[in-house]
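*Asks:* First the structure, which I've put down as C-alpha cells, then a few questions once you've had a look.
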Amino acid sequence: MRTLTRYIGRDVLLATLAVFAALLSLFAFFDLINELADVGKGGYTISNALVYVALHLPSRVYELFPVAALIGTLFGLAQLVANSEYTVMRASGASLWQVGWAVVRVGIPLAVLTFLAGEFVAPPAERLAQTLRVAAKGEGTRVFAQQFASGFWFRQDRMFVNIRNVLADLTIAGVRIYEFDDAMRLTAARAADSGRFVSDGQWELSNVASTEIDGDHARATKAATWTWHTVLRPSLLTVYQVAPERLELATLWDNIRVLGAGGAAKTSRFEIAFWNKIFYPFAVLAMMVVALPFAHFQRRRGGAGFRMFTGTMLGLAFFLIGRLFSSLGVLNDWPPLVSAVLPLVIFASVAIGMLAWIERR
C-alpha cells in the first residue's frame with residue numbers, strides 16, 4: 001500500500017503543480033494587461049507594471065492553491081481511470097478511503113505552503129507593490145484611500161479622532177482630535193496638518209492648533225509639533241493599502257482589538273477575514289477530497305476537456321460561495337466563524353457523503 005500511496009501522490013502532485021503553474025501564468029498575464037492601462041500616467045512605466053505584477057504574485061499563489069489542487073487532483077485521478085490503473089487498484093483491494101489518504105497526504109504540505117504564502121509573503125509584498133505603484137504614478141503626496149467620505153474615524157476611551165487622509169507611506173494628514181470628560185463634555189479640540197509614527201504608542205503631529213476648554217473659558221494655542229500618545233499603530237492603517245483578506249493575522253487582530261474597543265466600530269469584515277485566514281489552507285485539502293468522487297465518475301477514455309471544465313466550475317463555485325457568505329456575514333451580522341467556515345464544511349461534507357455512497361455501491 002505504501003508503494004500505491006506514493007504512486008498516486010506523485011501523479012496528483014505533478015498534475016497539481018502543472019495546473020498551478022498554468023493558472024499563475026494566466027492570472028499574471030491578466031494582471032499585466034490590466035496594468036498596461038495605467039502605463040504613461042505620471043512616471044508609471046512598463047517596468048513599474050512588471051514589478052507590480054511580480055510583487056502581486058504571492059497573493060495570487062495564496063488565492064489559486066485550492067483551485068489548482070482541485071483541478072490537479074481531478075485531472076491526475078481521472079488519468080488513472082482512463083488508463084485503467086484505477087480499476088486495477090480497486091480490484092487489488094484498495095478502498096476509496098485509502099486512495100483519499102494518498103491524495104490528502106500530498107495536500108498537507110501544499111496547505112502548509114498556502115498558509116506560509118498568505119501569512120508571511122503575500123502581505124508585505126502586496127504593501128510594497130501598492131506603495132511602489134502609487135509612488136511611480138506620482139501620487140505619493142495625494143490621498144491613497146479613505147474608509148469614509150469624511151476619512152478614518154478612531155475612538156480611544158473618551159477621545160475621538162478623525163484622520164482625513166492616509167498617504168502611501170502611511171503618513172496621516174488632516175488630523176482632528178476631540179477629547180471629552182467623564183460627562184462627555186468637550187474639553188479639548190486639536191487640529192494637525194500631518195503626523196508620522198515615531199515609536200510604539202507615539203505619533204508626532206505637525207502644525208498643531210489646540211483649543212482647551214475649562215468650564216466657560218477656552219484657551220487657543222499653536223505648536224510646530226505635538227506628541228500624540230495613542231494605541232493607534234501603522235498596522236491599523238494598512239487596510240488602506242491591502243484588503244483585509246490579504247492582511248496577516250497579527251494585523252487583523254490589531255484592527256479587531258483596537259477598532260472594536262468599546263463598540264466604537266464595526267469589525268465584522270476583519271473578524272471574517274481573520275477566521276478565513278486560519279481556515280483557508282484547509283480548503284486545499286477540502287478541494288482535493290471534493291475531486292475524488294468526480295474523478296471516479298469520469299469516462300475511461302478522453303474527457304480531458306470535460307474534467308478541466310468540471311474542476312474549474314467547482315473551484316469557481318467554491319470561490320463565489322465563500323465570497324457570498326463573507327458578504328452576507330458582514331451585512332447580517334452573522335457569527336464570523338460561521339461565515340468563514342460554512343462554505344468549507346458544506347463542500348467537504350458533500351464530498352465525504354458522495355465517497356461514502358460510492359464505497360457502498
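Labels used: A, B, ... for chains in the order of the C-alpha cells, numbers from 1 for residues in each chain, and numbers from 1 for ligands as shown.
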Neighbours of Arg269 (chain A) within 8 Å (only C-alpha atoms; same-chain residues fewer than 6 positions away dropped), as JSON, numbers by chain?
*Replies:* {"A": [244, 326, 330]}
*Asks:* Using only C-alpha atoms, tabulate the residues of region 180-277 of chain A lying at most 7 Å from any atom of region 121-127 of chain A, each with its closest atom pair and that distance in Å to one decimal, by chain and increasing residue number, as a tab-separated table.
*Replies:*
```
residue	atom	partner	partner_atom	distance
A:Gln241	CA	A:Arg127	CA	6.1
A:Val242	CA	A:Arg127	CA	6.3
A:Arg246	CA	A:Pro123	CA	5.9
A:Leu247	CA	A:Pro123	CA	5.4
A:Glu248	CA	A:Pro123	CA	6.2
```
*Asks:* If you keep C-alpha atoms, can you produce a file of those selected residues as an mmCIF file, in the first residue's frame?
*Replies:*
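Result file is again.cif:
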```cif
data_model
loop_
_atom_site.group_PDB
_atom_site.id
_atom_site.type_symbol
_atom_site.label_atom_id
_atom_site.label_comp_id
_atom_site.auth_asym_id
_atom_site.auth_seq_id
_atom_site.Cartn_x
_atom_site.Cartn_y
_atom_site.Cartn_z
ATOM 1 C CA GLN A 241 -3.238 49.631 1.110
ATOM 2 C CA VAL A 242 -4.223 45.974 1.356
ATOM 3 C CA ARG A 246 -4.788 39.865 2.328
ATOM 4 C CA LEU A 247 -3.520 41.079 5.700
ATOM 5 C CA GLU A 248 -1.579 38.927 8.137
#
```
*Asks:* Can you pull out the residues contacting Ala317 (chain A)? Cut-off 12 Å, using only C-alpha atoms, and skip same-chain residues under 2 positions away; I want them as number ranges by chain.
*Replies:* A: 67, 70, 287, 310-315, 319-324, 343-344, 346-347
*Asks:* Okay, now the selection with C-alpha atoms, as a PDB file, in the first residue's frame?
*Replies:*
```pdb
ATOM      1  CA  VAL A  67      -8.381  25.749  -7.191  1.00  0.00           C
ATOM      2  CA  LEU A  70      -8.957  20.693  -7.137  1.00  0.00           C
ATOM      3  CA  MET A 287     -10.840  20.649  -2.702  1.00  0.00           C
ATOM      4  CA  THR A 310     -15.744  20.375 -14.120  1.00  0.00           C
ATOM      5  CA  GLY A 311     -12.795  21.321 -11.925  1.00  0.00           C
ATOM      6  CA  THR A 312     -12.928  24.955 -12.996  1.00  0.00           C
ATOM      7  CA  MET A 313     -16.661  25.203 -12.288  1.00  0.00           C
ATOM      8  CA  LEU A 314     -16.261  23.587  -8.868  1.00  0.00           C
ATOM      9  CA  GLY A 315     -13.388  25.894  -7.977  1.00  0.00           C
ATOM     10  CA  PHE A 319     -14.711  30.895  -4.534  1.00  0.00           C
ATOM     11  CA  LEU A 320     -18.046  32.612  -5.191  1.00  0.00           C
ATOM     12  CA  ILE A 321     -19.843  30.884  -2.319  1.00  0.00           C
ATOM     13  CA  GLY A 322     -17.018  31.848   0.031  1.00  0.00           C
ATOM     14  CA  ARG A 323     -17.265  35.492  -1.045  1.00  0.00           C
ATOM     15  CA  LEU A 324     -21.066  35.352  -0.802  1.00  0.00           C
ATOM     16  CA  PRO A 343     -18.670  27.025   2.755  1.00  0.00           C
ATOM     17  CA  LEU A 344     -15.712  24.776   3.572  1.00  0.00           C
ATOM     18  CA  ILE A 346     -20.558  22.288   3.005  1.00  0.00           C
ATOM     19  CA  PHE A 347     -18.133  21.274   0.251  1.00  0.00           C
TER      20      PHE A 347
END
```
*Asks:* Considering only C-alpha atoms, state which residue in the set A:Leu167, A:Ile352, A:Leu232, A:Ala18 is at the smallest distance from Gly201 (chain A).
*Replies:*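 Looking at the shortest contact to Gly201 (chain A), the residue is A:Leu232.
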*Asks:* Name all residues at most 12 Å from region 89-103 of chain A (count only C-alpha atoms; drop same-chain ones fewer than 5 positions away) and give them as a VMD selection string.
*Replies:* chain A and resid 1 to 16 69 to 70 72 to 74 76 to 77 80 to 81 83 to 84 108 to 110 284 to 293 295 to 296 351 to 352 354 to 361
*Asks:* If you keep N, CA and C atoms, can you produce a file of those selected residues as a short mmCIF file (atom, residue, chain, number, x, y, z; two decimals), in the first residue's frame?
*Replies:*
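Result file again15.cif:
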```cif
data_model
loop_
_atom_site.label_atom_id
_atom_site.label_comp_id
_atom_site.auth_asym_id
_atom_site.auth_seq_id
_atom_site.Cartn_x
_atom_site.Cartn_y
_atom_site.Cartn_z
N MET A 1 0.83 -1.21 0.00
CA MET A 1 0.00 0.00 0.00
C MET A 1 0.86 1.25 0.00
N ARG A 2 2.03 1.17 0.61
CA ARG A 2 2.90 2.33 0.64
C ARG A 2 3.34 2.72 -0.77
N THR A 3 3.64 1.71 -1.59
CA THR A 3 4.03 1.98 -2.98
C THR A 3 2.87 2.62 -3.74
N LEU A 4 1.66 2.10 -3.52
CA LEU A 4 0.48 2.65 -4.18
C LEU A 4 0.23 4.10 -3.74
N THR A 5 0.41 4.36 -2.47
CA THR A 5 0.21 5.72 -1.96
C THR A 5 1.18 6.70 -2.60
N ARG A 6 2.44 6.28 -2.71
CA ARG A 6 3.45 7.14 -3.34
C ARG A 6 3.13 7.36 -4.81
N TYR A 7 2.65 6.32 -5.49
CA TYR A 7 2.37 6.41 -6.92
C TYR A 7 1.22 7.38 -7.17
N ILE A 8 0.14 7.25 -6.42
CA ILE A 8 -1.00 8.16 -6.57
C ILE A 8 -0.59 9.58 -6.20
N GLY A 9 0.13 9.71 -5.08
CA GLY A 9 0.56 11.02 -4.64
C GLY A 9 1.43 11.72 -5.66
N ARG A 10 2.32 10.96 -6.30
CA ARG A 10 3.21 11.56 -7.31
C ARG A 10 2.41 12.09 -8.49
N ASP A 11 1.46 11.29 -8.99
CA ASP A 11 0.66 11.73 -10.13
C ASP A 11 -0.17 12.97 -9.80
N VAL A 12 -0.79 12.96 -8.61
CA VAL A 12 -1.61 14.09 -8.20
C VAL A 12 -0.76 15.34 -8.00
N LEU A 13 0.40 15.19 -7.39
CA LEU A 13 1.27 16.34 -7.13
C LEU A 13 1.75 16.96 -8.43
N LEU A 14 2.19 16.13 -9.38
CA LEU A 14 2.69 16.65 -10.66
C LEU A 14 1.57 17.36 -11.42
N ALA A 15 0.38 16.77 -11.42
CA ALA A 15 -0.75 17.40 -12.10
C ALA A 15 -1.12 18.72 -11.43
N THR A 16 -1.11 18.74 -10.09
CA THR A 16 -1.46 19.96 -9.36
C THR A 16 -0.46 21.07 -9.63
N ALA A 69 -5.33 22.76 -6.66
CA ALA A 69 -5.39 21.44 -6.03
C ALA A 69 -6.60 20.66 -6.52
N LEU A 70 -7.73 21.35 -6.66
CA LEU A 70 -8.96 20.69 -7.14
C LEU A 70 -8.79 20.19 -8.57
N GLY A 72 -6.03 19.87 -10.36
CA GLY A 72 -4.92 18.93 -10.50
C GLY A 72 -5.27 17.54 -10.01
N THR A 73 -5.94 17.46 -8.86
CA THR A 73 -6.36 16.16 -8.33
C THR A 73 -7.37 15.49 -9.26
N LEU A 74 -8.32 16.28 -9.73
CA LEU A 74 -9.33 15.75 -10.65
C LEU A 74 -8.67 15.21 -11.92
N GLY A 76 -5.38 14.36 -12.37
CA GLY A 76 -4.47 13.25 -12.09
C GLY A 76 -5.20 11.94 -11.86
N LEU A 77 -6.27 11.96 -11.06
CA LEU A 77 -7.02 10.73 -10.79
C LEU A 77 -7.78 10.25 -12.01
N LEU A 80 -5.68 8.21 -14.19
CA LEU A 80 -5.57 6.84 -13.71
C LEU A 80 -6.79 6.02 -14.13
N VAL A 81 -7.96 6.65 -14.10
CA VAL A 81 -9.19 5.97 -14.53
C VAL A 81 -9.12 5.68 -16.02
N ASN A 83 -6.57 5.20 -17.90
CA ASN A 83 -5.56 4.18 -18.21
C ASN A 83 -5.84 2.84 -17.54
N SER A 84 -7.02 2.73 -16.92
CA SER A 84 -7.45 1.51 -16.23
C SER A 84 -6.63 1.19 -14.99
N ILE A 108 -1.36 18.00 2.41
CA ILE A 108 -0.92 18.60 3.69
C ILE A 108 0.23 19.58 3.50
N PRO A 109 1.34 19.19 2.83
CA PRO A 109 2.40 20.20 2.62
C PRO A 109 1.96 21.36 1.74
N LEU A 110 1.03 21.11 0.80
CA LEU A 110 0.53 22.21 -0.02
C LEU A 110 -0.29 23.18 0.82
N VAL A 284 -7.43 23.67 0.62
CA VAL A 284 -6.63 22.84 -0.28
C VAL A 284 -6.99 21.38 -0.10
N LEU A 285 -7.06 20.94 1.16
CA LEU A 285 -7.41 19.54 1.44
C LEU A 285 -8.86 19.26 1.05
N ALA A 286 -9.76 20.20 1.36
CA ALA A 286 -11.17 20.01 1.03
C ALA A 286 -11.38 19.88 -0.47
N MET A 287 -10.69 20.71 -1.25
CA MET A 287 -10.84 20.65 -2.70
C MET A 287 -10.31 19.33 -3.28
N MET A 288 -9.26 18.80 -2.67
CA MET A 288 -8.75 17.51 -3.12
C MET A 288 -9.75 16.39 -2.83
N VAL A 289 -10.40 16.48 -1.67
CA VAL A 289 -11.41 15.49 -1.32
C VAL A 289 -12.62 15.62 -2.25
N VAL A 290 -12.98 16.87 -2.56
CA VAL A 290 -14.11 17.10 -3.48
C VAL A 290 -13.84 16.47 -4.84
N ALA A 291 -12.59 16.49 -5.27
CA ALA A 291 -12.25 15.96 -6.60
C ALA A 291 -12.40 14.44 -6.68
N LEU A 292 -12.29 13.74 -5.56
CA LEU A 292 -12.30 12.26 -5.58
C LEU A 292 -13.56 11.67 -6.21
N PRO A 293 -14.75 12.00 -5.73
CA PRO A 293 -15.94 11.39 -6.34
C PRO A 293 -16.15 11.79 -7.79
N ALA A 295 -13.80 12.52 -10.00
CA ALA A 295 -12.84 11.76 -10.81
C ALA A 295 -13.33 10.34 -11.02
N HIS A 296 -14.00 9.78 -10.02
CA HIS A 296 -14.50 8.41 -10.09
C HIS A 296 -15.53 8.26 -11.20
N ALA A 351 -18.64 16.09 -0.36
CA ALA A 351 -17.64 15.18 -0.93
C ALA A 351 -17.54 13.89 -0.13
N ILE A 352 -17.50 13.99 1.19
CA ILE A 352 -17.41 12.78 2.03
C ILE A 352 -18.67 11.94 1.88
N MET A 354 -20.58 11.73 -0.77
CA MET A 354 -20.52 11.07 -2.08
C MET A 354 -19.55 9.90 -2.06
N LEU A 355 -18.42 10.08 -1.38
CA LEU A 355 -17.45 9.00 -1.27
C LEU A 355 -18.04 7.80 -0.52
N ALA A 356 -18.77 8.08 0.55
CA ALA A 356 -19.41 7.01 1.30
C ALA A 356 -20.43 6.28 0.44
N TRP A 357 -21.17 7.00 -0.36
CA TRP A 357 -22.16 6.40 -1.24
C TRP A 357 -21.49 5.53 -2.31
N ILE A 358 -20.40 6.03 -2.89
CA ILE A 358 -19.68 5.25 -3.91
C ILE A 358 -19.09 3.98 -3.30
N GLU A 359 -18.57 4.07 -2.08
CA GLU A 359 -17.94 2.91 -1.45
C GLU A 359 -18.97 1.83 -1.12
N ARG A 360 -20.21 2.22 -0.87
CA ARG A 360 -21.24 1.22 -0.55
C ARG A 360 -21.82 0.54 -1.79
N ARG A 361 -21.58 1.14 -2.96
CA ARG A 361 -22.15 0.56 -4.19
C ARG A 361 -21.55 -0.79 -4.52
#
```
*Asks:* Which distance in Å separates CA of Thr230 (chain A) and CA of Phe180 (chain A), to one decimal?
*Replies:* 15.2 Å
*Asks:* Counting only C-alpha atoms, which residue out of A:Val198, A:Phe152, A:Leu328, A:Glu271 sits closest to Ile177 (chain A)?
*Replies:*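 Comparing A:Val198, A:Phe152, A:Leu328, A:Glu271 against Ile177 (chain A), the winner is A:Phe152.
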*Asks:* Using only C-alpha atoms, pick whichever of A:Thr227, A:Ser59, A:Ser199, A:Thr221 has the shortest atom-to-atom distance to Phe115 (chain A).
*Replies:*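 The shortest atom-to-atom distance to Phe115 (chain A) comes from A:Ser59.
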